[in-house]
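J.: Here you go, this is entry32.cif (mmCIF, C-alpha atoms and all ligand atoms).
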```cif
data_upload
loop_
_atom_site.label_atom_id
_atom_site.label_comp_id
_atom_site.auth_asym_id
_atom_site.auth_seq_id
_atom_site.Cartn_x
_atom_site.Cartn_y
_atom_site.Cartn_z
CA PRO A 29 20.62 -25.18 16.51
CA SER A 30 17.72 -26.50 14.51
CA PHE A 31 17.33 -30.14 13.51
CA LEU A 32 15.92 -28.82 10.25
CA SER A 33 18.13 -28.01 7.28
CA ASP A 34 19.52 -24.56 6.57
CA ARG A 35 17.68 -24.87 3.26
CA ILE A 36 14.25 -25.11 4.86
CA ASN A 37 15.02 -22.61 7.59
CA ALA A 38 15.98 -20.04 4.94
CA MET A 39 12.73 -20.57 3.04
CA GLN A 40 9.82 -18.16 3.49
CA GLU A 41 6.35 -19.50 3.99
CA SER A 42 4.20 -18.49 1.03
CA GLN A 43 2.58 -15.16 2.02
CA THR A 44 -0.53 -15.91 0.02
CA ILE A 45 -1.01 -19.06 2.06
CA ALA A 46 -0.26 -17.22 5.34
CA MET A 47 -2.94 -14.62 4.59
CA ALA A 48 -5.47 -17.28 3.67
CA LYS A 49 -4.78 -18.94 7.02
CA LYS A 50 -5.53 -15.69 8.90
CA ALA A 51 -8.70 -15.22 6.86
CA ARG A 52 -9.85 -18.73 7.75
CA GLU A 53 -9.29 -18.02 11.46
CA LEU A 54 -11.67 -15.06 11.26
CA MET A 55 -14.18 -17.10 9.25
CA ALA A 56 -14.09 -19.83 11.90
CA LYS A 57 -15.29 -17.14 14.35
CA GLY A 58 -18.30 -16.61 12.12
CA ILE A 59 -17.03 -13.42 10.47
CA ASP A 60 -18.04 -12.87 6.84
CA VAL A 61 -14.61 -12.52 5.25
CA ILE A 62 -14.30 -11.82 1.52
CA ASN A 63 -11.18 -13.66 0.51
CA LEU A 64 -9.35 -11.90 -2.31
CA SER A 65 -5.99 -13.38 -1.39
CA PHE A 66 -6.08 -16.44 -3.63
CA GLY A 67 -4.74 -16.74 -7.17
CA GLU A 68 -7.41 -19.19 -8.16
CA PRO A 69 -10.25 -19.12 -10.69
CA ASP A 70 -13.61 -19.27 -8.92
CA PHE A 71 -15.00 -21.33 -11.82
CA GLU A 72 -15.49 -25.09 -11.73
CA THR A 73 -13.38 -27.12 -14.19
CA PRO A 74 -15.47 -27.38 -17.39
CA GLN A 75 -17.80 -30.39 -17.53
CA TYR A 76 -16.23 -32.02 -20.62
CA ILE A 77 -12.87 -32.14 -18.86
CA ARG A 78 -14.32 -33.72 -15.71
CA GLU A 79 -16.12 -36.29 -17.86
CA ALA A 80 -12.84 -37.23 -19.59
CA ALA A 81 -11.25 -37.85 -16.19
CA LYS A 82 -14.06 -40.20 -15.17
CA VAL A 83 -13.71 -42.14 -18.42
CA ALA A 84 -9.92 -42.32 -17.95
CA MET A 85 -10.29 -43.91 -14.53
CA ASP A 86 -12.57 -46.58 -15.90
CA GLN A 87 -10.26 -47.17 -18.86
CA GLY A 88 -7.44 -48.04 -16.48
CA PHE A 89 -5.35 -44.89 -16.57
CA THR A 90 -4.36 -45.65 -13.01
CA LYS A 91 -0.71 -46.65 -13.29
CA TYR A 92 2.62 -44.83 -13.23
CA THR A 93 2.95 -42.54 -16.22
CA PRO A 94 6.04 -41.81 -18.34
CA VAL A 95 8.15 -39.26 -16.42
CA PRO A 96 7.77 -36.44 -19.01
CA GLY A 97 4.05 -37.15 -19.51
CA TYR A 98 1.98 -39.35 -21.85
CA LEU A 99 3.20 -39.13 -25.43
CA ASP A 100 -0.22 -38.17 -26.82
CA LEU A 101 -0.51 -35.34 -24.28
CA ARG A 102 2.95 -34.06 -25.18
CA GLN A 103 2.00 -34.25 -28.87
CA ALA A 104 -1.21 -32.32 -28.16
CA ILE A 105 0.82 -29.69 -26.32
CA ALA A 106 3.24 -29.46 -29.27
CA ASP A 107 0.22 -29.06 -31.59
CA LYS A 108 -1.15 -26.29 -29.34
CA LEU A 109 2.18 -24.48 -29.30
CA LEU A 110 2.29 -24.58 -33.12
CA ARG A 111 -1.37 -23.63 -33.64
CA GLU A 112 -1.63 -20.85 -31.07
CA ASN A 113 1.95 -19.69 -30.54
CA GLN A 114 3.63 -20.45 -33.88
CA LEU A 115 6.23 -22.50 -32.03
CA ALA A 116 7.47 -25.74 -33.59
CA TYR A 117 8.30 -28.33 -30.94
CA LYS A 118 8.35 -32.12 -30.82
CA PRO A 119 7.20 -34.22 -27.86
CA GLU A 120 10.84 -34.56 -26.76
CA ASN A 121 10.93 -30.82 -26.20
CA ILE A 122 8.01 -31.02 -23.75
CA VAL A 123 8.01 -32.06 -20.08
CA VAL A 124 4.65 -32.30 -18.35
CA SER A 125 4.87 -31.65 -14.61
CA THR A 126 2.87 -31.35 -11.41
CA GLY A 127 1.66 -27.85 -12.24
CA ALA A 128 3.56 -25.04 -13.91
CA LYS A 129 5.15 -24.59 -10.50
CA GLN A 130 7.09 -27.81 -10.84
CA ALA A 131 8.02 -26.98 -14.44
CA LEU A 132 9.57 -23.74 -13.18
CA ALA A 133 11.30 -25.48 -10.28
CA ASN A 134 12.69 -28.21 -12.55
CA ALA A 135 14.15 -25.60 -14.89
CA VAL A 136 15.70 -23.52 -12.09
CA MET A 137 17.19 -26.60 -10.42
CA SER A 138 18.51 -27.85 -13.76
CA LEU A 139 20.20 -24.60 -14.77
CA ILE A 140 21.39 -22.79 -11.64
CA ASN A 141 24.64 -23.33 -9.77
CA ALA A 142 25.59 -21.71 -6.47
CA GLY A 143 26.31 -18.03 -7.06
CA ASP A 144 24.68 -17.80 -10.48
CA GLU A 145 22.61 -14.66 -10.90
CA VAL A 146 18.98 -14.88 -11.89
CA ILE A 147 17.34 -11.67 -13.05
CA VAL A 148 13.73 -11.67 -11.89
CA PHE A 149 11.42 -8.99 -13.25
CA ALA A 150 9.53 -7.43 -10.34
CA PRO A 151 6.82 -7.35 -9.22
CA TYR A 152 7.21 -11.11 -9.54
CA TRP A 153 5.30 -14.23 -8.65
CA VAL A 154 6.14 -15.25 -5.06
CA SER A 155 7.76 -18.60 -5.73
CA TYR A 156 10.45 -17.44 -8.19
CA GLU A 157 12.67 -16.04 -5.49
CA GLU A 158 12.42 -19.08 -3.25
CA MET A 159 13.16 -21.45 -6.13
CA VAL A 160 16.31 -19.52 -6.95
CA ARG A 161 17.34 -19.52 -3.29
CA LEU A 162 16.78 -23.28 -3.10
CA ALA A 163 19.11 -23.68 -6.10
CA GLU A 164 21.65 -21.48 -4.25
CA GLY A 165 21.43 -18.84 -6.95
CA THR A 166 21.34 -15.11 -6.34
CA THR A 167 18.19 -13.25 -7.26
CA VAL A 168 18.70 -9.89 -8.93
CA THR A 169 15.31 -8.20 -8.88
CA LEU A 170 14.60 -5.65 -11.54
CA MET A 171 11.61 -3.46 -10.73
CA GLY A 172 9.55 -2.08 -13.57
CA ALA A 173 8.31 1.50 -13.25
CA LEU A 174 4.69 2.09 -12.22
CA GLU A 175 4.44 4.59 -15.11
CA ASN A 176 5.34 1.72 -17.47
CA ASP A 177 2.72 -0.58 -15.92
CA TYR A 178 5.58 -2.16 -13.96
CA LYS A 179 7.06 -3.61 -17.13
CA VAL A 180 10.87 -3.88 -17.18
CA THR A 181 12.36 -2.39 -20.35
CA ALA A 182 15.03 -3.91 -22.57
CA ALA A 183 17.44 -1.13 -21.57
CA GLU A 184 16.89 -1.84 -17.87
CA LEU A 185 17.48 -5.52 -18.54
CA GLU A 186 20.68 -4.91 -20.46
CA ALA A 187 22.06 -2.74 -17.65
CA ALA A 188 21.42 -5.51 -15.08
CA ILE A 189 23.26 -8.26 -16.96
CA THR A 190 26.64 -9.26 -15.52
CA PRO A 191 29.08 -12.06 -16.40
CA ARG A 192 27.35 -14.13 -13.69
CA THR A 193 23.84 -13.78 -15.14
CA LYS A 194 22.53 -17.22 -16.01
CA LEU A 195 18.76 -16.87 -16.23
CA ILE A 196 15.94 -14.34 -16.57
CA MET A 197 12.47 -15.03 -15.17
CA TYR A 198 9.20 -13.20 -15.78
CA SER A 199 5.49 -13.81 -16.24
CA SER A 200 3.34 -12.20 -18.93
CA PRO A 201 0.44 -11.73 -18.39
CA CYS A 202 1.97 -10.93 -15.02
CA ASN A 203 0.98 -12.13 -11.60
CA PRO A 204 0.62 -9.80 -9.63
CA THR A 205 0.34 -6.73 -11.90
CA GLY A 206 -1.73 -8.04 -14.81
CA SER A 207 0.68 -6.38 -17.23
CA VAL A 208 1.22 -7.92 -20.67
CA PHE A 209 4.35 -7.37 -22.74
CA SER A 210 3.66 -6.19 -26.29
CA ARG A 211 5.36 -7.68 -29.34
CA GLU A 212 7.61 -4.60 -29.61
CA GLU A 213 8.66 -4.80 -25.96
CA LEU A 214 9.46 -8.50 -26.27
CA ALA A 215 11.34 -7.92 -29.53
CA ALA A 216 13.58 -5.43 -27.73
CA ILE A 217 14.10 -7.89 -24.84
CA ALA A 218 14.82 -10.65 -27.37
CA ALA A 219 17.53 -8.48 -28.95
CA VAL A 220 19.25 -8.12 -25.55
CA VAL A 221 18.97 -11.87 -24.96
CA ALA A 222 20.41 -12.56 -28.42
CA ARG A 223 23.47 -10.48 -27.55
CA ASN A 224 23.99 -12.71 -24.48
CA PRO A 225 23.93 -16.29 -25.75
CA GLN A 226 25.01 -17.69 -22.35
CA ILE A 227 21.69 -16.58 -20.79
CA HIS A 228 18.43 -18.52 -20.73
CA VAL A 229 14.97 -17.09 -20.14
CA LEU A 230 12.09 -18.71 -18.27
CA ALA A 231 8.98 -17.23 -19.87
CA ASP A 232 6.02 -18.01 -17.62
CA GLU A 233 2.92 -17.86 -19.81
CA ILE A 234 0.47 -19.53 -17.42
CA TYR A 235 -2.01 -16.63 -17.79
CA GLU A 236 -1.81 -16.71 -21.60
CA TYR A 237 -5.57 -17.09 -22.10
CA ILE A 238 -6.52 -14.47 -19.52
CA ASN A 239 -5.62 -11.52 -21.68
CA PHE A 240 -7.83 -8.47 -22.28
CA VAL A 241 -5.67 -6.84 -24.95
CA GLY A 242 -5.83 -9.73 -27.35
CA GLU A 243 -2.38 -10.60 -28.56
CA HIS A 244 -0.31 -13.05 -26.58
CA VAL A 245 3.30 -13.14 -27.73
CA SER A 246 5.62 -15.97 -26.73
CA LEU A 247 9.22 -14.88 -26.32
CA ALA A 248 10.34 -18.08 -28.07
CA GLN A 249 8.72 -16.75 -31.26
CA PHE A 250 11.84 -14.65 -31.80
CA ALA A 251 13.68 -17.26 -33.83
CA GLU A 252 17.23 -16.13 -33.03
CA ILE A 253 16.71 -16.84 -29.30
CA LYS A 254 14.31 -19.78 -29.44
CA ASP A 255 16.92 -22.17 -27.99
CA GLN A 256 17.55 -19.79 -25.09
CA VAL A 257 13.89 -19.68 -24.08
CA ILE A 258 12.04 -22.11 -21.83
CA THR A 259 8.31 -21.58 -22.20
CA VAL A 260 6.20 -22.55 -19.20
CA ASN A 261 2.45 -22.95 -19.35
CA GLY A 262 -0.26 -25.14 -17.87
CA PHE A 263 -3.91 -25.81 -17.25
CA SER A 264 -4.55 -24.26 -13.82
CA LYS A 265 -5.63 -20.78 -14.89
CA GLY A 266 -6.95 -21.02 -18.47
CA TYR A 267 -9.00 -24.17 -17.85
CA ALA A 268 -9.74 -23.61 -14.15
CA MET A 269 -7.83 -26.77 -13.24
CA THR A 270 -5.76 -25.67 -10.24
CA GLY A 271 -6.33 -28.86 -8.25
CA TRP A 272 -5.46 -31.23 -11.08
CA ARG A 273 -1.80 -30.22 -11.05
CA VAL A 274 -0.79 -30.28 -14.70
CA GLY A 275 1.67 -27.83 -16.23
CA TYR A 276 4.48 -28.10 -18.75
CA LEU A 277 7.54 -26.55 -20.26
CA ALA A 278 8.87 -26.48 -23.80
CA ALA A 279 12.60 -26.15 -24.31
CA ARG A 280 15.49 -27.37 -26.37
CA PRO A 281 16.09 -31.12 -25.95
CA GLU A 282 19.06 -30.86 -23.55
CA ILE A 283 17.04 -28.77 -21.12
CA ALA A 284 13.92 -30.90 -21.47
CA ALA A 285 16.04 -34.01 -20.78
CA ALA A 286 17.57 -32.36 -17.70
CA CYS A 287 14.14 -31.44 -16.35
CA GLU A 288 12.91 -34.98 -17.00
CA LYS A 289 15.89 -36.35 -15.05
CA MET A 290 15.20 -33.95 -12.15
CA GLN A 291 11.53 -34.91 -12.12
CA SER A 292 12.34 -38.64 -12.31
CA GLN A 293 14.09 -38.47 -8.95
CA ILE A 294 11.67 -36.15 -7.18
CA THR A 295 8.08 -36.85 -8.24
CA SER A 296 7.90 -39.04 -11.40
CA GLY A 297 5.23 -38.38 -14.04
CA THR A 298 2.25 -36.38 -12.83
CA CYS A 299 -1.17 -37.91 -12.11
CA SER A 300 -2.48 -40.23 -14.84
CA VAL A 301 -6.12 -39.15 -14.63
CA ALA A 302 -5.19 -35.46 -14.57
CA GLN A 303 -3.12 -35.92 -17.71
CA ARG A 304 -6.08 -37.48 -19.55
CA ALA A 305 -8.19 -34.56 -18.40
CA ALA A 306 -5.55 -32.13 -19.68
CA LEU A 307 -5.55 -33.87 -23.06
CA ALA A 308 -9.32 -33.47 -23.26
CA ALA A 309 -8.97 -29.82 -22.24
CA LEU A 310 -6.67 -29.13 -25.19
CA GLN A 311 -8.92 -31.04 -27.58
CA GLY A 312 -11.79 -28.80 -26.50
CA GLY A 313 -9.87 -25.70 -27.58
CA ARG A 314 -10.32 -22.25 -26.07
CA THR A 315 -14.11 -21.92 -25.92
CA SER A 316 -14.44 -22.51 -22.17
CA ALA A 317 -11.49 -20.23 -21.48
CA ASP A 318 -12.98 -17.46 -23.60
CA GLU A 319 -16.20 -17.60 -21.54
CA MET A 320 -14.27 -17.26 -18.30
CA VAL A 321 -12.15 -14.45 -19.71
CA ALA A 322 -15.29 -12.46 -20.48
CA ALA A 323 -16.15 -12.67 -16.77
CA TYR A 324 -12.61 -11.74 -15.68
CA ARG A 325 -12.70 -8.71 -17.96
CA ARG A 326 -16.06 -7.57 -16.57
CA ARG A 327 -14.72 -7.91 -13.03
CA ARG A 328 -11.50 -6.09 -13.90
CA ASP A 329 -13.60 -3.17 -15.15
CA LEU A 330 -15.89 -3.28 -12.13
CA VAL A 331 -13.03 -3.33 -9.62
CA LEU A 332 -11.00 -0.73 -11.47
CA ALA A 333 -13.93 1.69 -11.42
CA GLN A 334 -14.21 1.27 -7.65
CA VAL A 335 -10.47 1.43 -6.99
CA GLN A 336 -10.24 4.66 -8.93
CA GLN A 337 -12.70 6.15 -6.40
CA ILE A 338 -10.33 5.33 -3.54
CA PRO A 339 -8.05 8.28 -2.82
CA GLY A 340 -4.37 7.37 -2.74
CA PHE A 341 -4.65 4.02 -4.54
CA LYS A 342 -2.49 4.21 -7.68
CA THR A 343 -2.96 1.32 -10.06
CA PRO A 344 -2.17 0.57 -13.67
CA THR A 345 -4.98 -0.98 -15.71
CA PRO A 346 -4.40 -4.74 -15.74
CA SER A 347 -4.22 -6.11 -19.29
CA GLY A 348 -4.54 -9.73 -18.20
CA ALA A 349 -4.59 -12.27 -15.35
CA PHE A 350 -7.06 -11.72 -12.47
CA TYR A 351 -5.46 -9.34 -10.03
CA ILE A 352 -5.41 -5.67 -9.21
CA PHE A 353 -2.23 -4.35 -7.66
CA PRO A 354 -2.58 -0.81 -6.32
CA ASP A 355 0.28 1.18 -4.84
CA VAL A 356 -1.05 2.05 -1.38
CA SER A 357 1.98 3.92 -0.03
CA ALA A 358 -0.12 7.10 0.37
CA TYR A 359 -1.55 5.43 3.51
CA PHE A 360 1.79 4.79 5.20
CA GLY A 361 2.06 6.77 8.43
CA ARG A 362 -1.73 7.00 8.91
CA ARG A 363 -3.34 5.87 12.17
CA THR A 364 -6.01 3.25 12.75
CA PRO A 365 -8.99 3.97 15.07
CA ALA A 366 -7.19 1.72 17.61
CA GLY A 367 -4.20 4.05 17.49
CA GLU A 368 -1.82 1.83 15.52
CA THR A 369 0.33 3.28 12.76
CA ILE A 370 0.17 1.82 9.27
CA GLY A 371 3.89 1.36 8.65
CA ASN A 372 3.79 -0.64 5.44
CA ALA A 373 1.59 -2.55 3.00
CA GLY A 374 1.53 -5.58 5.30
CA ASP A 375 0.06 -3.45 8.10
CA LEU A 376 -2.55 -2.09 5.70
CA ALA A 377 -3.46 -5.59 4.46
CA LEU A 378 -3.88 -6.69 8.08
CA TYR A 379 -5.99 -3.62 8.87
CA LEU A 380 -8.23 -4.35 5.88
CA LEU A 381 -8.61 -7.93 7.01
CA ASN A 382 -9.56 -6.97 10.57
CA GLU A 383 -11.63 -3.88 9.75
CA ALA A 384 -13.11 -4.50 6.28
CA HIS A 385 -12.96 -8.30 6.54
CA VAL A 386 -11.33 -8.44 3.12
CA ALA A 387 -8.24 -10.63 2.71
CA ALA A 388 -5.53 -9.46 0.32
CA VAL A 389 -1.77 -10.00 0.07
CA ASP A 390 1.11 -7.71 1.05
CA GLY A 391 2.96 -6.64 -2.11
CA ALA A 392 6.29 -7.29 -0.36
CA ALA A 393 5.71 -10.97 -1.16
CA PHE A 394 5.95 -10.00 -4.82
CA GLY A 395 8.93 -7.68 -4.39
CA ALA A 396 6.72 -4.56 -4.33
CA PRO A 397 6.46 -3.33 -0.73
CA ASN A 398 4.29 -0.31 -1.67
CA CYS A 399 1.49 -2.46 -3.06
CA ILE A 400 -1.30 -4.83 -2.11
CA ARG A 401 -2.62 -7.59 -4.35
CA PHE A 402 -6.34 -8.23 -4.62
CA SER A 403 -7.59 -11.17 -6.65
CA THR A 404 -10.51 -10.35 -8.94
CA ALA A 405 -11.43 -14.01 -9.38
CA ALA A 406 -14.54 -13.73 -7.22
CA ALA A 407 -18.24 -13.21 -7.88
CA ASP A 408 -19.19 -9.69 -9.04
CA GLU A 409 -21.29 -8.93 -5.95
CA LYS A 410 -18.48 -10.06 -3.60
CA LEU A 411 -16.03 -7.80 -5.40
CA ARG A 412 -18.41 -4.87 -5.29
CA GLU A 413 -19.04 -5.37 -1.58
CA ALA A 414 -15.32 -5.85 -0.86
CA PHE A 415 -14.31 -2.50 -2.31
CA VAL A 416 -17.21 -0.68 -0.65
CA ARG A 417 -15.94 -2.04 2.67
CA ILE A 418 -12.32 -1.21 1.85
CA LYS A 419 -13.18 2.38 0.98
CA ALA A 420 -15.16 2.79 4.21
CA SER A 421 -12.33 1.32 6.30
CA LEU A 422 -9.72 3.57 4.72
CA GLU A 423 -11.87 6.60 5.51
CA LYS A 424 -11.57 5.72 9.19
CA LEU A 425 -7.78 6.16 9.13
CA GLY A 426 -6.49 9.25 10.89
N1 LIG B 1 3.21 -19.01 -12.47
C1 LIG B 1 2.45 -18.00 -12.03
C2 LIG B 1 2.78 -16.61 -12.46
C3 LIG B 1 1.36 -18.26 -11.18
O1 LIG B 1 0.60 -17.26 -10.74
C4 LIG B 1 1.09 -19.59 -10.79
C5 LIG B 1 -0.02 -19.91 -9.86
O2 LIG B 1 -0.45 -19.12 -9.05
C6 LIG B 1 1.92 -20.60 -11.28
C7 LIG B 1 2.96 -20.27 -12.11
C8 LIG B 1 1.73 -22.04 -10.88
O3 LIG B 1 0.70 -22.65 -11.55
P1 LIG B 1 0.33 -24.18 -11.31
O4 LIG B 1 -0.93 -24.19 -10.55
O5 LIG B 1 0.16 -24.74 -12.70
O6 LIG B 1 1.45 -24.82 -10.60
#
```
Rewrite the coordinates I just gave you, this time as structure tokens.
Ligand code: PLP
T.:
Amino acid sequence: PSFLSDRINAMQESQTIAMAKKARELMAKGIDVINLSFGEPDFETPQYIREAAKVAMDQGFTKYTPVPGYLDLRQAIADKLLRENQLAYKPENIVVSTGAKQALANAVMSLINAGDEVIVFAPYWVSYEEMVRLAEGTTVTLMGALENDYKVTAAELEAAITPRTKLIMYSSPCNPTGSVFSREELAAIAAVVARNPQIHVLADEIYEYINFVGEHVSLAQFAEIKDQVITVNGFSKGYAMTGWRVGYLAARPEIAAACEKMQSQITSGTCSVAQRAALAALQGGRTSADEMVAAYRRRRDLVLAQVQQIPGFKTPTPSGAFYIFPDVSAYFGRRTPAGETIGNAGDLALYLLNEAHVAAVDGAAFGAPNCIRFSTAAADEKLREAFVRIKASLEKLG
């Protein structure tokens, strides 16, 4: 018997973090590992945002903050949602949290009872499943077809809904696939949601700005379901602010109030200085994000060209985010020079780490056991070198 709770014993360690740990072990031995396992922009937070944080410290923004975030930040978020997403919200609809991660966790914990079903579009972001488990809900994963860029269709969604379905969760642009739902696809999903007024949807739009096809559509824009949608976004990806820990959700007042209550007992309002920095980020608009997106697009193209030269890697073209997510199942059953059999994507990821010294993540962590996720948020020359090494290592397989 463990002195730890069943809750923590049932929880999986984040696979992305586990892989990063292994990569660091090799690096400590002096090996030149190219780490493509992280979901983190390799850019520094823009200068004007860092300056705002320094000013905030000296102005005395050093105390506890209101639980749902400073009022002027929530107003600036409401203004952003209106300006860029055509969504009308008031500050009381907004809860600022310690990253989008906490916004998602607050919503899941506020909505899910034991036994409630949560439909999670797969491949999904690693933490969704664990959050649902923590809330004692049941995850129903719905895998999109590779031929449809892994996007779940409205018909597939409708077929998965049961009387116990309480919530739907997805990200678009998607981590790990980079897929982006079009307006037509979301309209069809919205129609299904409208026919099921007891269901809520957590629309994770954290990669909104990192979009190579141009149009970001928020599910909440479909007016008939706006009250059923909880929109999650934040500053980590678009403004390269992962360490600052600021994210938010927008929802109808009852849900926002519930999330505020949850947050009040667990963490309180997020960091004062980081909130001032986030306010400055929004006031600066999208210019800095647009510059980073140009780099992400160039790297997507660069990596895609190389991946297409690798026999057996099947990958859709990512429309957003900064990942490439090939299906590598063609390599299952092959043998390494040391005589080990590649049984699954985890074995292949480990082989690539040991042989090519490139760290990536087993797709099983995202509900896609045939795939491996490579981050493309690294310098061009690192990416180029990584896929040269990967190709050479795969050629050694028997
Ligand atoms: N949602 C998705 C799809 C993500 O990939 C991430 C970060 O990796 C998050 C949410 C969490 O973002 P934050 O750093 O704001 O907590």
J.: Find the residue from A:Lys254, A:Arg273, A:Arg401, A:Arg417 that sits nearest to ligand LIG 1 (chain B); use all atoms listed in the file when measuring.
T.: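 Between A:Lys254, A:Arg273, A:Arg401, A:Arg417, the residue approaching ligand LIG 1 (chain B) most closely is A:Arg273.
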J.: Between A:Leu381, A:Ala188, A:Val83, A:Ile418, which residue has the minimum interatomic distance to Ala51 (chain A), considering all atoms listed in the file?
T.: A:Leu381
J.: Residues of chain A that have any atom at most 6 Å from an atom of ligand LIG 1 (chain B): could you tabulate them with the shortest-distance atom pair and the distance in Å to one decimal, using all atoms listed in the file, ordered by chain and increasing number, as JSON lines?
T.:
```
{"residue": "A:Gly67", "atom": "CA", "partner": "B:LIG1", "partner_atom": "O2", "distance": 5.3}
{"residue": "A:Gly127", "atom": "CA", "partner": "B:LIG1", "partner_atom": "O6", "distance": 3.5}
{"residue": "A:Ala128", "atom": "CA", "partner": "B:LIG1", "partner_atom": "O5", "distance": 3.6}
{"residue": "A:Lys129", "atom": "CA", "partner": "B:LIG1", "partner_atom": "O6", "distance": 3.7}
{"residue": "A:Trp153", "atom": "CA", "partner": "B:LIG1", "partner_atom": "C2", "distance": 5.2}
{"residue": "A:Ser199", "atom": "CA", "partner": "B:LIG1", "partner_atom": "C2", "distance": 5.4}
{"residue": "A:Asn203", "atom": "CA", "partner": "B:LIG1", "partner_atom": "C2", "distance": 4.9}
{"residue": "A:Asp232", "atom": "CA", "partner": "B:LIG1", "partner_atom": "N1", "distance": 6.0}
{"residue": "A:Ile234", "atom": "CA", "partner": "B:LIG1", "partner_atom": "N1", "distance": 5.7}
{"residue": "A:Gly262", "atom": "CA", "partner": "B:LIG1", "partner_atom": "O5", "distance": 5.2}
{"residue": "A:Ser264", "atom": "CA", "partner": "B:LIG1", "partner_atom": "O5", "distance": 4.9}
{"residue": "A:Thr270", "atom": "CA", "partner": "B:LIG1", "partner_atom": "O4", "distance": 5.1}
{"residue": "A:Val274", "atom": "CA", "partner": "B:LIG1", "partner_atom": "O5", "distance": 6.0}
{"residue": "A:Gly275", "atom": "CA", "partner": "B:LIG1", "partner_atom": "O5", "distance": 4.9}
```
J.: Please provide as a PDB file with C-alpha atoms, in the frame of the given file all residues within 12 Å of Pro225 (chain A), with the sequence filter that same-chain residues fewer than 6 positions apart are discarded (counting all atoms listed in the file).
T.:
```pdb
ATOM      1  CA  ILE A 189      23.260  -8.260 -16.960  1.00  0.00           C
ATOM      2  CA  PRO A 191      29.080 -12.060 -16.400  1.00  0.00           C
ATOM      3  CA  THR A 193      23.840 -13.780 -15.140  1.00  0.00           C
ATOM      4  CA  LYS A 194      22.530 -17.220 -16.010  1.00  0.00           C
ATOM      5  CA  LEU A 195      18.760 -16.870 -16.230  1.00  0.00           C
ATOM      6  CA  ALA A 218      14.820 -10.650 -27.370  1.00  0.00           C
ATOM      7  CA  ALA A 219      17.530  -8.480 -28.950  1.00  0.00           C
ATOM      8  CA  GLU A 252      17.230 -16.130 -33.030  1.00  0.00           C
ATOM      9  CA  ILE A 253      16.710 -16.840 -29.300  1.00  0.00           C
ATOM     10  CA  LYS A 254      14.310 -19.780 -29.440  1.00  0.00           C
ATOM     11  CA  ASP A 255      16.920 -22.170 -27.990  1.00  0.00           C
ATOM     12  CA  GLN A 256      17.550 -19.790 -25.090  1.00  0.00           C
ATOM     13  CA  VAL A 257      13.890 -19.680 -24.080  1.00  0.00           C
TER      14      VAL A 257
END
```
J.: What's the separation between CA of Ile338 (chain A) and CA of Leu422 (chain A), in Å to one decimal place?
T.: 8.5 Å
J.: Of the candidates A:Gln40, A:Gln336, A:Thr298, A:Gln249, which shows the shortest atom-to-atom distance to Ala231 (chain A), using only C-alpha atoms?
T.: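 For Ala231 (chain A), the nearest of the candidates is A:Gln249.
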J.: When distances are computed from all atoms listed in the file, which of A:Ser347, A:Thr369, A:Ser210, A:Thr259 shows the smallest separation from Val229 (chain A)?
T.: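 Nearest candidate to Val229 (chain A) out of A:Ser347, A:Thr369, A:Ser210, A:Thr259: A:Thr259.
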J.: Excluding Glu164 (chain A) and residues on its chain fewer than 5 positions from it, collect all residues at most 10 Å away from it, counting only C-alpha atoms, and give them as a PyMOL selection string.
T.: chain A and resi 35+137+140-145+158-159
